[in-house]
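Quick look at input-v5.cif (mmCIF, C-alpha atoms and all ligand atoms; chains and numbers go by the auth columns):
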```
data_work
#
loop_
_atom_site.group_PDB
_atom_site.id
_atom_site.type_symbol
_atom_site.label_atom_id
_atom_site.label_comp_id
_atom_site.label_asym_id
_atom_site.label_seq_id
_atom_site.Cartn_x
_atom_site.Cartn_y
_atom_site.Cartn_z
_atom_site.B_iso_or_equiv
_atom_site.auth_seq_id
_atom_site.auth_asym_id
ATOM 1 C CA MET A 1 74.877 90.019 134.952 0.00 30 A
ATOM 2 C CA THR A 2 78.551 90.120 133.849 0.00 31 A
ATOM 3 C CA PRO A 3 79.408 90.987 130.205 0.00 32 A
ATOM 4 C CA ARG A 4 78.845 88.243 127.614 0.00 33 A
ATOM 5 C CA SER A 5 80.009 87.631 124.071 0.00 34 A
ATOM 6 C CA PHE A 6 77.325 88.327 121.465 0.00 35 A
ATOM 7 C CA LEU A 7 78.943 85.562 119.377 0.00 36 A
ATOM 8 C CA LEU A 8 77.910 82.707 121.674 0.00 37 A
ATOM 9 C CA THR A 9 74.597 81.221 122.709 0.00 38 A
ATOM 10 C CA PRO A 10 73.985 81.587 126.470 0.00 39 A
ATOM 11 C CA GLU A 11 74.826 77.881 126.890 0.00 40 A
ATOM 12 C CA LEU A 12 78.124 78.163 125.008 0.00 41 A
ATOM 13 C CA GLY A 13 78.921 81.381 126.863 0.00 42 A
ATOM 14 C CA ASP A 14 78.472 79.585 130.186 0.00 43 A
ATOM 15 C CA TYR A 15 80.566 76.698 128.897 0.00 44 A
ATOM 16 C CA VAL A 16 83.468 78.939 127.807 0.00 45 A
ATOM 17 C CA ARG A 17 83.365 80.732 131.141 0.00 46 A
ATOM 18 C CA ALA A 18 83.294 77.496 133.136 0.00 47 A
ATOM 19 C CA ALA A 19 86.254 76.157 131.150 0.00 48 A
ATOM 20 C CA SER A 20 88.392 79.240 131.898 0.00 49 A
ATOM 21 C CA GLU A 21 90.026 80.183 135.217 0.00 50 A
ATOM 22 C CA PRO A 22 87.266 81.695 137.381 0.00 51 A
ATOM 23 C CA PRO A 23 87.540 85.138 139.006 0.00 52 A
ATOM 24 C CA ASP A 24 88.696 84.949 142.644 0.00 53 A
ATOM 25 C CA ASP A 25 86.758 86.636 145.490 0.00 54 A
ATOM 26 C CA VAL A 26 88.192 90.119 144.878 0.00 55 A
ATOM 27 C CA ALA A 27 87.509 89.989 141.127 0.00 56 A
ATOM 28 C CA ALA A 28 84.039 88.495 141.692 0.00 57 A
ATOM 29 C CA ASP A 29 83.166 91.327 144.105 0.00 58 A
ATOM 30 C CA LEU A 30 84.402 93.900 141.578 0.00 59 A
ATOM 31 C CA LEU A 31 82.300 92.293 138.837 0.00 60 A
ATOM 32 C CA ALA A 32 79.263 92.378 141.149 0.00 61 A
ATOM 33 C CA GLU A 33 79.792 96.019 142.218 0.00 62 A
ATOM 34 C CA THR A 34 80.191 97.091 138.587 0.00 63 A
ATOM 35 C CA ALA A 35 77.081 95.139 137.541 0.00 64 A
ATOM 36 C CA ALA A 36 75.152 96.974 140.288 0.00 65 A
ATOM 37 C CA LEU A 37 76.392 100.320 138.880 0.00 66 A
ATOM 38 C CA ALA A 38 75.070 99.289 135.472 0.00 67 A
ATOM 39 C CA ASP A 39 71.758 98.121 136.967 0.00 68 A
ATOM 40 C CA ARG A 40 71.315 101.572 138.543 0.00 69 A
ATOM 41 C CA GLY A 41 72.042 103.195 135.155 0.00 70 A
ATOM 42 C CA GLU A 42 75.291 104.750 136.434 0.00 71 A
ATOM 43 C CA ALA A 43 77.523 102.970 133.899 0.00 72 A
ATOM 44 C CA SER A 44 77.153 101.074 130.654 0.00 73 A
ATOM 45 C CA PRO A 45 76.565 97.318 131.079 0.00 74 A
ATOM 46 C CA THR A 46 78.936 96.689 128.145 0.00 75 A
ATOM 47 C CA PHE A 47 81.960 98.600 129.469 0.00 76 A
ATOM 48 C CA GLN A 48 83.682 95.862 131.435 0.00 77 A
ATOM 49 C CA ILE A 49 85.550 93.024 129.731 0.00 78 A
ATOM 50 C CA ALA A 50 84.130 89.505 130.101 0.00 79 A
ATOM 51 C CA PRO A 51 85.708 87.233 132.761 0.00 80 A
ATOM 52 C CA GLU A 52 87.058 84.795 130.131 0.00 81 A
ATOM 53 C CA GLN A 53 88.813 87.727 128.446 0.00 82 A
ATOM 54 C CA GLY A 54 90.242 88.708 131.819 0.00 83 A
ATOM 55 C CA ALA A 55 91.588 85.176 132.259 0.00 84 A
ATOM 56 C CA PHE A 56 93.130 85.352 128.767 0.00 85 A
ATOM 57 C CA MET A 57 94.770 88.729 129.409 0.00 86 A
ATOM 58 C CA GLN A 58 96.230 87.593 132.723 0.00 87 A
ATOM 59 C CA LEU A 59 97.662 84.451 131.127 0.00 88 A
ATOM 60 C CA LEU A 60 99.003 86.397 128.127 0.00 89 A
ATOM 61 C CA THR A 61 100.677 88.999 130.353 0.00 90 A
ATOM 62 C CA ARG A 62 102.430 86.239 132.273 0.00 91 A
ATOM 63 C CA ALA A 63 103.282 84.186 129.173 0.00 92 A
ATOM 64 C CA LEU A 64 104.858 87.230 127.486 0.00 93 A
ATOM 65 C CA GLY A 65 106.922 87.860 130.612 0.00 94 A
ATOM 66 C CA ALA A 66 105.595 91.434 130.433 0.00 95 A
ATOM 67 C CA ARG A 67 107.116 93.819 132.998 0.00 96 A
ATOM 68 C CA ARG A 68 105.710 97.153 131.844 0.00 97 A
ATOM 69 C CA ALA A 69 102.177 97.578 130.566 0.00 98 A
ATOM 70 C CA VAL A 70 99.776 100.385 129.736 0.00 99 A
ATOM 71 C CA GLU A 71 95.993 100.365 129.778 0.00 100 A
ATOM 72 C CA ILE A 72 93.930 102.984 127.961 0.00 101 A
ATOM 73 C CA GLY A 73 90.409 102.925 129.434 0.00 102 A
ATOM 74 C CA THR A 74 90.336 101.600 132.994 0.00 103 A
ATOM 75 C CA PHE A 75 86.766 102.196 134.237 0.00 104 A
ATOM 76 C CA THR A 76 86.281 100.292 137.547 0.00 105 A
ATOM 77 C CA GLY A 77 89.557 98.443 137.141 0.00 106 A
ATOM 78 C CA TYR A 78 88.721 94.835 136.270 0.00 107 A
ATOM 79 C CA SER A 79 90.915 94.474 133.157 0.00 108 A
ATOM 80 C CA ALA A 80 93.729 96.270 134.995 0.00 109 A
ATOM 81 C CA LEU A 81 93.378 93.816 137.893 0.00 110 A
ATOM 82 C CA CYS A 82 93.841 90.926 135.447 0.00 111 A
ATOM 83 C CA VAL A 83 96.878 92.458 133.711 0.00 112 A
ATOM 84 C CA ALA A 84 98.493 93.521 136.999 0.00 113 A
ATOM 85 C CA ARG A 85 98.137 89.986 138.321 0.00 114 A
ATOM 86 C CA GLY A 86 100.112 88.722 135.321 0.00 115 A
ATOM 87 C CA LEU A 87 103.003 91.117 136.003 0.00 116 A
ATOM 88 C CA PRO A 88 105.933 90.294 138.300 0.00 117 A
ATOM 89 C CA ALA A 89 106.017 91.911 141.765 0.00 118 A
ATOM 90 C CA ASP A 90 108.247 94.733 140.473 0.00 119 A
ATOM 91 C CA GLY A 91 106.140 95.208 137.321 0.00 120 A
ATOM 92 C CA TRP A 92 104.390 98.459 136.356 0.00 121 A
ATOM 93 C CA LEU A 93 100.945 98.986 134.879 0.00 122 A
ATOM 94 C CA LEU A 94 100.152 102.530 133.802 0.00 123 A
ATOM 95 C CA CYS A 95 96.384 103.117 133.676 0.00 124 A
ATOM 96 C CA LEU A 96 94.957 106.054 131.721 0.00 125 A
ATOM 97 C CA ASP A 97 91.369 107.247 132.192 0.00 126 A
ATOM 98 C CA VAL A 98 89.383 110.467 132.503 0.00 127 A
ATOM 99 C CA SER A 99 86.971 109.362 135.218 0.00 128 A
ATOM 100 C CA GLU A 100 87.876 110.017 138.836 0.00 129 A
ATOM 101 C CA GLU A 101 84.583 108.467 139.964 0.00 130 A
ATOM 102 C CA TRP A 102 84.923 105.101 138.209 0.00 131 A
ATOM 103 C CA THR A 103 88.627 104.738 138.916 0.00 132 A
ATOM 104 C CA ALA A 104 87.973 105.365 142.628 0.00 133 A
ATOM 105 C CA VAL A 105 86.207 101.980 142.582 0.00 134 A
ATOM 106 C CA ALA A 106 89.241 100.513 140.785 0.00 135 A
ATOM 107 C CA ARG A 107 91.662 101.828 143.405 0.00 136 A
ATOM 108 C CA ARG A 108 89.722 100.137 146.215 0.00 137 A
ATOM 109 C CA TYR A 109 89.903 96.723 144.527 0.00 138 A
ATOM 110 C CA TRP A 110 93.557 97.062 143.494 0.00 139 A
ATOM 111 C CA ALA A 111 94.406 97.782 147.138 0.00 140 A
ATOM 112 C CA ARG A 112 92.339 94.834 148.328 0.00 141 A
ATOM 113 C CA ALA A 113 94.154 92.562 145.846 0.00 142 A
ATOM 114 C CA GLY A 114 97.547 93.806 147.088 0.00 143 A
ATOM 115 C CA LEU A 115 98.347 95.245 143.646 0.00 144 A
ATOM 116 C CA ALA A 116 98.237 98.985 144.320 0.00 145 A
ATOM 117 C CA ASP A 117 102.040 99.255 144.333 0.00 146 A
ATOM 118 C CA ARG A 118 102.349 98.033 140.745 0.00 147 A
ATOM 119 C CA ILE A 119 99.531 100.140 139.246 0.00 148 A
ATOM 120 C CA GLU A 120 99.884 103.850 138.486 0.00 149 A
ATOM 121 C CA LEU A 121 96.743 105.747 137.489 0.00 150 A
ATOM 122 C CA ARG A 122 96.942 108.962 135.445 0.00 151 A
ATOM 123 C CA LEU A 123 93.708 110.895 135.088 0.00 152 A
ATOM 124 C CA GLY A 124 93.125 112.972 131.968 0.00 153 A
ATOM 125 C CA ASP A 125 92.606 112.554 128.256 0.00 154 A
ATOM 126 C CA ALA A 126 94.534 109.393 127.361 0.00 155 A
ATOM 127 C CA HIS A 127 95.612 110.842 123.989 0.00 156 A
ATOM 128 C CA ASP A 128 97.472 113.602 125.839 0.00 157 A
ATOM 129 C CA SER A 129 98.813 111.264 128.541 0.00 158 A
ATOM 130 C CA LEU A 130 100.175 108.862 125.919 0.00 159 A
ATOM 131 C CA ARG A 131 101.744 111.653 123.851 0.00 160 A
ATOM 132 C CA ALA A 132 103.462 112.966 126.972 0.00 161 A
ATOM 133 C CA LEU A 133 105.357 109.664 127.380 0.00 162 A
ATOM 134 C CA PRO A 134 108.807 109.345 125.754 0.00 163 A
ATOM 135 C CA ALA A 135 108.455 107.991 122.195 0.00 164 A
ATOM 136 C CA GLU A 136 110.767 105.064 122.903 0.00 165 A
ATOM 137 C CA PRO A 137 110.248 101.315 123.459 0.00 166 A
ATOM 138 C CA THR A 138 108.697 101.079 126.928 0.00 167 A
ATOM 139 C CA PHE A 139 105.729 98.708 127.056 0.00 168 A
ATOM 140 C CA ASP A 140 105.614 94.916 126.696 0.00 169 A
ATOM 141 C CA LEU A 141 101.807 94.976 126.669 0.00 170 A
ATOM 142 C CA ALA A 142 99.189 97.606 125.858 0.00 171 A
ATOM 143 C CA PHE A 143 95.428 97.267 126.229 0.00 172 A
ATOM 144 C CA VAL A 144 93.199 99.784 124.451 0.00 173 A
ATOM 145 C CA ASP A 145 89.585 99.996 125.656 0.00 174 A
ATOM 146 C CA ALA A 146 88.562 103.684 125.585 0.00 175 A
ATOM 147 C CA ASP A 147 87.002 106.008 122.953 0.00 176 A
ATOM 148 C CA LYS A 148 86.634 103.935 119.787 0.00 177 A
ATOM 149 C CA GLU A 149 87.083 106.938 117.453 0.00 178 A
ATOM 150 C CA GLY A 150 90.473 107.387 119.105 0.00 179 A
ATOM 151 C CA TYR A 151 91.818 103.874 118.495 0.00 180 A
ATOM 152 C CA ALA A 152 93.705 104.811 115.289 0.00 181 A
ATOM 153 C CA ASP A 153 95.532 107.569 117.176 0.00 182 A
ATOM 154 C CA TYR A 154 96.280 105.256 120.123 0.00 183 A
ATOM 155 C CA VAL A 155 97.741 102.663 117.731 0.00 184 A
ATOM 156 C CA GLU A 156 99.955 105.334 116.104 0.00 185 A
ATOM 157 C CA GLN A 157 101.127 106.611 119.479 0.00 186 A
ATOM 158 C CA LEU A 158 101.811 103.110 120.778 0.00 187 A
ATOM 159 C CA HIS A 159 103.941 102.050 117.792 0.00 188 A
ATOM 160 C CA PRO A 160 107.212 103.678 118.903 0.00 189 A
ATOM 161 C CA ARG A 161 106.462 102.926 122.562 0.00 190 A
ATOM 162 C CA MET A 162 106.195 99.119 122.272 0.00 191 A
ATOM 163 C CA THR A 163 109.196 96.874 122.964 0.00 192 A
ATOM 164 C CA GLY A 164 110.392 94.365 120.329 0.00 193 A
ATOM 165 C CA ASN A 165 108.001 91.561 121.191 0.00 194 A
ATOM 166 C CA GLY A 166 105.427 93.837 122.754 0.00 195 A
ATOM 167 C CA VAL A 167 101.763 93.124 122.093 0.00 196 A
ATOM 168 C CA VAL A 168 98.936 95.638 121.690 0.00 197 A
ATOM 169 C CA LEU A 169 95.388 94.443 122.414 0.00 198 A
ATOM 170 C CA LEU A 170 92.451 96.407 121.005 0.00 199 A
ATOM 171 C CA ASP A 171 89.070 95.678 122.562 0.00 200 A
ATOM 172 C CA ASN A 172 85.624 95.561 120.905 0.00 201 A
ATOM 173 C CA THR A 173 86.944 95.200 117.364 0.00 202 A
ATOM 174 C CA LEU A 174 83.822 93.294 116.277 0.00 203 A
ATOM 175 C CA ALA A 175 81.641 96.187 117.525 0.00 204 A
ATOM 176 C CA SER A 176 78.848 93.769 118.534 0.00 205 A
ATOM 177 C CA GLY A 177 78.668 92.623 114.899 0.00 206 A
ATOM 178 C CA HIS A 178 78.169 96.135 113.456 0.00 207 A
ATOM 179 C CA VAL A 179 81.446 96.029 111.552 0.00 208 A
ATOM 180 C CA PHE A 180 79.602 95.059 108.330 0.00 209 A
ATOM 181 C CA ALA A 181 77.153 97.957 108.427 0.00 210 A
ATOM 182 C CA PRO A 182 78.344 100.498 110.962 0.00 211 A
ATOM 183 C CA GLU A 183 75.652 102.847 112.281 0.00 212 A
ATOM 184 C CA THR A 184 77.612 105.039 114.664 0.00 213 A
ATOM 185 C CA ASP A 185 80.903 106.953 114.428 0.00 214 A
ATOM 186 C CA ALA A 186 82.423 104.530 116.922 0.00 215 A
ATOM 187 C CA GLN A 187 81.412 101.487 114.862 0.00 216 A
ATOM 188 C CA ARG A 188 82.649 103.152 111.647 0.00 217 A
ATOM 189 C CA ALA A 189 85.988 103.955 113.256 0.00 218 A
ATOM 190 C CA ILE A 190 86.449 100.324 114.318 0.00 219 A
ATOM 191 C CA ALA A 191 85.446 98.962 110.887 0.00 220 A
ATOM 192 C CA GLU A 192 87.872 101.314 109.108 0.00 221 A
ATOM 193 C CA LEU A 193 90.696 100.559 111.524 0.00 222 A
ATOM 194 C CA ASN A 194 90.246 96.784 111.073 0.00 223 A
ATOM 195 C CA VAL A 195 90.663 97.166 107.296 0.00 224 A
ATOM 196 C CA ALA A 196 93.662 99.462 107.673 0.00 225 A
ATOM 197 C CA LEU A 197 95.464 97.231 110.187 0.00 226 A
ATOM 198 C CA ALA A 198 95.018 94.070 108.121 0.00 227 A
ATOM 199 C CA THR A 199 97.289 95.568 105.412 0.00 228 A
ATOM 200 C CA ASP A 200 99.524 97.771 107.558 0.00 229 A
ATOM 201 C CA PRO A 201 103.096 96.510 106.984 0.00 230 A
ATOM 202 C CA ARG A 202 104.220 97.893 110.363 0.00 231 A
ATOM 203 C CA TRP A 203 102.091 95.478 112.366 0.00 232 A
ATOM 204 C CA GLU A 204 101.486 91.741 112.511 0.00 233 A
ATOM 205 C CA THR A 205 97.719 91.558 113.109 0.00 234 A
ATOM 206 C CA VAL A 206 95.129 89.008 114.183 0.00 235 A
ATOM 207 C CA LEU A 207 91.518 89.649 115.193 0.00 236 A
ATOM 208 C CA LEU A 208 90.517 87.047 117.775 0.00 237 A
ATOM 209 C CA PRO A 209 86.780 86.280 118.065 0.00 238 A
ATOM 210 C CA LEU A 210 86.980 86.473 121.865 0.00 239 A
ATOM 211 C CA ALA A 211 84.174 88.328 123.675 0.00 240 A
ATOM 212 C CA ASP A 212 83.417 91.389 121.455 0.00 241 A
ATOM 213 C CA GLY A 213 86.526 90.863 119.313 0.00 242 A
ATOM 214 C CA LEU A 214 90.085 91.374 120.526 0.00 243 A
ATOM 215 C CA THR A 215 92.707 92.450 117.995 0.00 244 A
ATOM 216 C CA MET A 216 96.282 91.508 118.757 0.00 245 A
ATOM 217 C CA LEU A 217 99.126 93.530 117.185 0.00 246 A
ATOM 218 C CA ARG A 218 102.867 93.006 117.230 0.00 247 A
ATOM 219 C CA ARG A 219 105.259 95.549 115.793 0.00 248 A
ATOM 220 C CA ARG A 220 107.246 94.123 112.861 0.00 249 A
HETATM 221 C C1 LIG B . 84.946 100.420 128.111 0.00 301 B
HETATM 222 S S1 LIG B . 85.437 101.325 129.516 0.00 301 B
HETATM 223 C C2 LIG B . 86.898 100.458 130.014 0.00 301 B
HETATM 224 C C3 LIG B . 86.574 99.135 130.669 0.00 301 B
HETATM 225 C C4 LIG B . 87.731 98.492 131.399 0.00 301 B
HETATM 226 N N1 LIG B . 88.820 98.211 130.504 0.00 301 B
HETATM 227 C C5 LIG B . 87.237 97.233 132.075 0.00 301 B
HETATM 228 O O1 LIG B . 87.391 96.149 131.515 0.00 301 B
HETATM 229 O O2 LIG B . 86.659 97.325 133.159 0.00 301 B
HETATM 230 C C6 LIG B . 86.057 102.784 128.770 0.00 301 B
HETATM 231 C C7 LIG B . 86.769 103.756 129.708 0.00 301 B
HETATM 232 O O3 LIG B . 87.496 104.679 128.879 0.00 301 B
HETATM 233 C C8 LIG B . 87.467 105.941 129.483 0.00 301 B
HETATM 234 N N2 LIG B . 87.711 106.930 128.407 0.00 301 B
HETATM 235 C C9 LIG B . 86.952 107.186 127.332 0.00 301 B
HETATM 236 N N3 LIG B . 87.527 108.122 126.554 0.00 301 B
HETATM 237 C C10 LIG B . 88.703 108.452 127.153 0.00 301 B
HETATM 238 C C11 LIG B . 89.771 109.342 126.850 0.00 301 B
HETATM 239 N N4 LIG B . 89.774 110.096 125.746 0.00 301 B
HETATM 240 N N5 LIG B . 90.811 109.399 127.700 0.00 301 B
HETATM 241 C C12 LIG B . 90.848 108.641 128.823 0.00 301 B
HETATM 242 N N6 LIG B . 89.868 107.765 129.164 0.00 301 B
HETATM 243 C C13 LIG B . 88.823 107.677 128.342 0.00 301 B
HETATM 244 C C14 LIG B . 86.107 106.042 130.157 0.00 301 B
HETATM 245 O O4 LIG B . 86.146 106.959 131.240 0.00 301 B
HETATM 246 C C15 LIG B . 85.870 104.590 130.607 0.00 301 B
HETATM 247 O O5 LIG B . 86.256 104.416 131.947 0.00 301 B
#
```

Show this structure as structure tokens.
Amino acid sequence: MTPRSFLLTPELGDYVRAASEPPDDVAADLLAETAALADRGEASPTFQIAPEQGAFMQLLTRALGARRAVEIGTFTGYSALCVARGLPADGWLLCLDVSEEWTAVARRYWARAGLADRIELRLGDAHDSLRALPAEPTFDLAFVDADKEGYADYVEQLHPRMTGNGVVLLDNTLASGHVFAPETDAQRAIAELNVALATDPRWETVLLPLADGLTMLRRR
């Protein structure tokens, strides 16, 4: 079972998926291998982005003409595969994650898709990896999908590192609907960040009801 939006009935979910570009063989195999990991209890079934979100991110990357992108939270590499496919042949996607085990799966699929040369993986705490990058406009696209309590820090760190029309995407900003009455630290962090971003004069902000909520930010 691949990830599904809690916002849609199963029928509407299938409809949205069928009306969006389908995953090719490599992406479908990666979805299946990751679903098997979740079935065996070796990973969370909610980690991976939904295929329709992958199609959106690939299209957006291409439409923005993005050349340099960063992903915070790579897991088995599906969202990175989608972003990398939207980049030009000489593009660069920097992937930040702590897990050697999960990203080993990612590396296999990036190689199979012929994308390994445009993806660089840095293992370690993404807060440290991001801070270590020059605080100057570098990225045309950023995708944040790691520790939810860390999102506010990631957004701060990304601000000086985004190019003029660069776009930041924050995943899971509807927190499966728990934004109204958060029960966990992660849900509370998301709910507080949503309120803060809506009135932050430094960012243009929209929360798209795609999958589990995808917030789009552009530096003013
Ligand atoms: C939700 S999964 C990412 C899913 C991925 N974007 C996809 O669509 O397949 C979250 C990932 O963030 C990583 N992560 C969590 N906290 C982190 C941190 N502080 N630094 C780096 N990676 C982190 C985890 O190892 C995990 O692989």

Please return as JSON, numbers by chain the residues found within 10 Å of ligand LIG 301 (chain B), counting all atoms listed in the file.
{"A": [32, 59, 60, 63, 72, 73, 74, 75, 76, 77, 78, 79, 80, 82, 83, 100, 101, 102, 103, 104, 105, 106, 107, 108, 109, 110, 111, 124, 125, 126, 127, 128, 129, 130, 131, 132, 135, 151, 152, 153, 154, 155, 156, 157, 158, 159, 172, 173, 174, 175, 176, 177, 178, 179, 180, 183, 200, 201]}

Could you spell out the hits of the PyMOL selection byres (((chain A and resi 235-245) around 8) and not hetatm) on the shown file, as an NGL selection string?
:A and (33-36 or 78-79 or 81-82 or 196-205 or 227 or 233-234 or 246-247)

Given the file shown, enumerate the residues that the PyMOL selection byres (((chain A and resi 50) around 9) and not hetatm) captures and present them as number ranges by chain.
A: 46-49, 51-53, 80-81, 84-85

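Around stretch 161-167 of chain A, within 8 Å and counting all atoms listed in the file, the residues found are Arg97, Gln186, Pro189, Arg190, Met191, Thr192 and Gly193 of chain A, once anything fewer than 5 positions away on its own chain is removed.
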
Please produce an output containing C-alpha atoms for each residue in the selection, written as a PDB file, in the frame of the given file.
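As written to disk, out-v2.pdb reads:
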```
ATOM      1  CA  ARG A  97     105.710  97.153 131.844  1.00  0.00           C
ATOM      2  CA  GLN A 186     101.127 106.611 119.479  1.00  0.00           C
ATOM      3  CA  PRO A 189     107.212 103.678 118.903  1.00  0.00           C
ATOM      4  CA  ARG A 190     106.462 102.926 122.562  1.00  0.00           C
ATOM      5  CA  MET A 191     106.195  99.119 122.272  1.00  0.00           C
ATOM      6  CA  THR A 192     109.196  96.874 122.964  1.00  0.00           C
ATOM      7  CA  GLY A 193     110.392  94.365 120.329  1.00  0.00           C
TER       8      GLY A 193
END
```

Please write out, as JSON, where the centre of an axis-aligned box around all listed atoms of stretch 180-185 of chain A lies and how long its edges are, in Å to one decimal, after adding 8 Å on each side.
```
{"center_x": 95.9, "center_y": 105.1, "center_z": 117.7, "size_x": 24.1, "size_y": 20.9, "size_z": 20.8}
```

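Using all atoms listed in the file, the nearest neighbour of A:Arg141 within the list A:Leu37, A:Ala56, A:Ala181, A:Ala92 is A:Ala56.
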
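When atom CA of A:Ala218 is paired with atom CA of A:Leu123, their separation reads 25.0 Å.
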
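Selection around (97.6, 88.9, 138.6) with radius 9 Å, counting all atoms listed in the file, yields the residues A:Gln87, A:Leu88, A:Thr90, A:Arg91, A:Leu110, A:Cys111, A:Val112, A:Ala113, A:Arg114, A:Gly115, A:Leu116, A:Pro117, A:Ala142, A:Leu144.
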
Take the residues from that selection and write them out as a PDB file, in the frame of the given file, keeping C-alpha atoms.
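Wrote part_17.pdb, looks like this:
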```
ATOM      1  CA  GLN A  87      96.230  87.593 132.723  1.00  0.00           C
ATOM      2  CA  LEU A  88      97.662  84.451 131.127  1.00  0.00           C
ATOM      3  CA  THR A  90     100.677  88.999 130.353  1.00  0.00           C
ATOM      4  CA  ARG A  91     102.430  86.239 132.273  1.00  0.00           C
ATOM      5  CA  LEU A 110      93.378  93.816 137.893  1.00  0.00           C
ATOM      6  CA  CYS A 111      93.841  90.926 135.447  1.00  0.00           C
ATOM      7  CA  VAL A 112      96.878  92.458 133.711  1.00  0.00           C
ATOM      8  CA  ALA A 113      98.493  93.521 136.999  1.00  0.00           C
ATOM      9  CA  ARG A 114      98.137  89.986 138.321  1.00  0.00           C
ATOM     10  CA  GLY A 115     100.112  88.722 135.321  1.00  0.00           C
ATOM     11  CA  LEU A 116     103.003  91.117 136.003  1.00  0.00           C
ATOM     12  CA  PRO A 117     105.933  90.294 138.300  1.00  0.00           C
ATOM     13  CA  ALA A 142      94.154  92.562 145.846  1.00  0.00           C
ATOM     14  CA  LEU A 144      98.347  95.245 143.646  1.00  0.00           C
TER      15      LEU A 144
END
```

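Here the question is which of A:Ala57, A:Leu170, A:Ala98, A:Ala145 gets nearest to A:Trp121 using all atoms listed in the file, and that residue is A:Ala98.
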
What is the atom CA of A:Asp119 to atom CA of A:Asn194 distance in Å?
19.5 Å

Restricting the calculation to all atoms listed in the file, which member of A:Thr228, A:Thr38, A:Arg136, A:Leu222 is positioned closest to A:Glu185?
A:Leu222

Provide the atom CA of A:Ala95 to atom CA of A:Asp169 distance in Å, to one decimal place.
5.1 Å

The residue from A:Ala65, A:Leu122, A:Val184, A:Ile148 with the smallest atom-to-atom distance to A:Leu226, counting all atoms listed in the file, is A:Val184
